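Raw contents of target27.pdb, PDB, C-alpha atoms:
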```
ATOM      1  CA  MET A 310      47.844  -9.553-116.189
ATOM      2  CA  THR A 311      46.837 -12.785-117.884
ATOM      3  CA  ILE A 312      44.812 -13.012-121.054
ATOM      4  CA  MET A 313      41.498 -14.842-120.798
ATOM      5  CA  ASP A 314      41.209 -18.313-122.287
ATOM      6  CA  TYR A 315      39.081 -17.747-125.376
ATOM      7  CA  HIS A 316      39.527 -21.237-126.863
ATOM      8  CA  ASN A 317      36.102 -22.499-125.749
ATOM      9  CA  ILE A 318      34.364 -19.382-127.066
ATOM     10  CA  ILE A 319      36.073 -18.585-130.363
ATOM     11  CA  THR A 320      35.507 -21.336-132.933
ATOM     12  CA  ILE A 321      36.763 -21.822-136.466
ATOM     13  CA  GLU A 322      34.757 -24.024-138.814
ATOM     14  CA  PRO A 323      35.775 -24.280-142.492
ATOM     15  CA  GLY A 324      32.175 -24.170-143.759
ATOM     16  CA  LYS A 325      31.010 -21.269-141.621
ATOM     17  CA  ARG A 326      31.703 -17.662-142.599
ATOM     18  CA  SER A 327      34.544 -18.837-144.859
ATOM     19  CA  GLY A 328      36.477 -20.232-141.902
ATOM     20  CA  LYS A 329      36.670 -16.928-140.056
ATOM     21  CA  PRO A 330      36.853 -17.072-136.240
ATOM     22  CA  CYS A 331      33.284 -16.990-134.861
ATOM     23  CA  ILE A 332      31.728 -16.775-131.429
ATOM     24  CA  ARG A 333      30.507 -20.100-130.008
ATOM     25  CA  GLY A 334      29.765 -21.553-133.437
ATOM     26  CA  MET A 335      27.372 -18.722-134.317
ATOM     27  CA  ARG A 336      27.667 -16.727-137.511
ATOM     28  CA  ILE A 337      28.944 -13.662-135.620
ATOM     29  CA  THR A 338      32.660 -13.265-136.276
ATOM     30  CA  VAL A 339      35.394 -11.856-134.094
ATOM     31  CA  TYR A 340      35.930  -9.292-136.851
ATOM     32  CA  ASP A 341      32.272  -8.196-136.621
ATOM     33  CA  ILE A 342      32.608  -7.467-132.908
ATOM     34  CA  LEU A 343      35.969  -5.723-133.271
ATOM     35  CA  GLU A 344      34.568  -3.596-136.084
ATOM     36  CA  TYR A 345      31.571  -2.567-133.945
ATOM     37  CA  LEU A 346      33.875  -1.616-131.061
ATOM     38  CA  ALA A 347      36.235   0.278-133.366
ATOM     39  CA  GLY A 348      33.240   2.096-134.822
ATOM     40  CA  GLY A 349      32.326   3.419-131.393
ATOM     41  CA  MET A 350      29.674   0.977-130.202
ATOM     42  CA  THR A 351      29.837   0.198-126.514
ATOM     43  CA  GLU A 352      29.727  -3.300-125.098
ATOM     44  CA  ALA A 353      26.237  -2.547-123.786
ATOM     45  CA  GLU A 354      25.034  -1.499-127.254
ATOM     46  CA  ILE A 355      26.426  -4.656-128.845
ATOM     47  CA  LEU A 356      24.789  -6.833-126.185
ATOM     48  CA  GLU A 357      21.503  -5.001-126.722
ATOM     49  CA  ASP A 358      21.641  -5.566-130.495
ATOM     50  CA  PHE A 359      22.752  -9.208-130.202
ATOM     51  CA  SER A 360      20.908 -10.780-127.276
ATOM     52  CA  GLU A 361      22.631 -14.133-127.892
ATOM     53  CA  LEU A 362      26.019 -12.628-126.966
ATOM     54  CA  THR A 363      27.483 -12.242-123.500
ATOM     55  CA  SER A 364      30.036  -9.893-122.029
ATOM     56  CA  GLU A 365      32.417 -12.855-121.893
ATOM     57  CA  ASP A 366      32.007 -13.319-125.672
ATOM     58  CA  ILE A 367      33.141  -9.752-126.292
ATOM     59  CA  LYS A 368      36.106 -10.127-123.948
ATOM     60  CA  ALA A 369      37.013 -13.359-125.776
ATOM     61  CA  CYS A 370      37.085 -11.435-129.073
ATOM     62  CA  LEU A 371      39.457  -8.889-127.579
ATOM     63  CA  ALA A 372      41.637 -11.631-126.064
ATOM     64  CA  PHE A 373      41.728 -13.458-129.416
ATOM     65  CA  ALA A 374      42.808 -10.266-131.195
ATOM     66  CA  ALA A 375      45.428  -9.498-128.544
ATOM     67  CA  ASP A 376      46.818 -13.016-128.769
ATOM     68  CA  ARG A 377      46.965 -12.832-132.551
ATOM     69  CA  GLU A 378      48.704  -9.454-132.381
ATOM     70  CA  LYS A 379      51.266 -10.867-129.956
ATOM     71  CA  LYS A 380      52.055 -13.666-132.433
ATOM     72  CA  LEU A 381      52.633 -11.344-135.392
ATOM     73  CA  PHE A 382      56.145 -11.488-136.724
ATOM     74  CA  VAL A 383      57.672  -8.645-138.667
ATOM     75  CA  ALA A 384      60.858  -9.433-140.516
ATOM     76  CA  PRO A 385      63.601  -6.852-140.103
ATOM     77  CA  LEU A 386      64.423  -4.793-143.185
TER      78      LEU A 386
END
```
Would you mind writing the structure in this file as structure tokens?
Amino acid sequence: MTIMDYHNIITIEPGKRSGKPCIRGMRITVYDILEYLAGGMTEAEILEDFSELTSEDIKACLAFAADREKKLFVAPL
């Protein structure tokens, strides 16, 4: 399975939301979406609440988080 290319969807701008990764230059952060999902909201509920988002945006947030997790390095004790 290959991870989706989120690079055209997830943007980081120093002056927007303190440089946090956002969706397509909007003020909605990857963290916001992940927090909604972790809190139990469904994709459909998020899309209903934020009409400017797409299903692809939500998948990009998950791909971004998965990619970041894959890059984490834990030093051995």
Worksheet entry | Contacts of stretch 352-359 of chain A within 12 Å, only C-alpha atoms, excl. fewer than 6 positions in-chain, as number ranges by chain | A: 332, 335-337, 341-346, 365-368, 370-371
Starting from the PyMOL selection byres ((chain A and resi 317) around 12), expand the selection into actual residues of this file and give them as a PDB file with C-alpha atoms, in the coordinates of the input.
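Saved the output as expr37.pdb:
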```pdb
ATOM      1  CA  MET A 313      41.498 -14.842-120.798  1.00  0.00           C
ATOM      2  CA  ASP A 314      41.209 -18.313-122.287  1.00  0.00           C
ATOM      3  CA  TYR A 315      39.081 -17.747-125.376  1.00  0.00           C
ATOM      4  CA  HIS A 316      39.527 -21.237-126.863  1.00  0.00           C
ATOM      5  CA  ILE A 318      34.364 -19.382-127.066  1.00  0.00           C
ATOM      6  CA  ILE A 319      36.073 -18.585-130.363  1.00  0.00           C
ATOM      7  CA  THR A 320      35.507 -21.336-132.933  1.00  0.00           C
ATOM      8  CA  ILE A 321      36.763 -21.822-136.466  1.00  0.00           C
ATOM      9  CA  PRO A 330      36.853 -17.072-136.240  1.00  0.00           C
ATOM     10  CA  CYS A 331      33.284 -16.990-134.861  1.00  0.00           C
ATOM     11  CA  ILE A 332      31.728 -16.775-131.429  1.00  0.00           C
ATOM     12  CA  ARG A 333      30.507 -20.100-130.008  1.00  0.00           C
ATOM     13  CA  GLY A 334      29.765 -21.553-133.437  1.00  0.00           C
ATOM     14  CA  GLU A 365      32.417 -12.855-121.893  1.00  0.00           C
ATOM     15  CA  ASP A 366      32.007 -13.319-125.672  1.00  0.00           C
ATOM     16  CA  ALA A 369      37.013 -13.359-125.776  1.00  0.00           C
ATOM     17  CA  CYS A 370      37.085 -11.435-129.073  1.00  0.00           C
ATOM     18  CA  PHE A 373      41.728 -13.458-129.416  1.00  0.00           C
TER      19      PHE A 373
END
```
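The nearest approach to A:Leu362 among the residues A:Val339, A:Gly348, A:Arg377, A:Glu322, with all atoms listed in the file taken into account, belongs to A:Val339.
Straight-line separation from atom CA of A:Thr351 to atom CA of A:Ser364: 11.0 Å.
You will find atom CA of A:Pro385 at 28.0 Å from atom CA of A:Tyr340.
Separating atom CA of A:Gly324 from atom CA of A:Phe382 is a distance of 28.0 Å.
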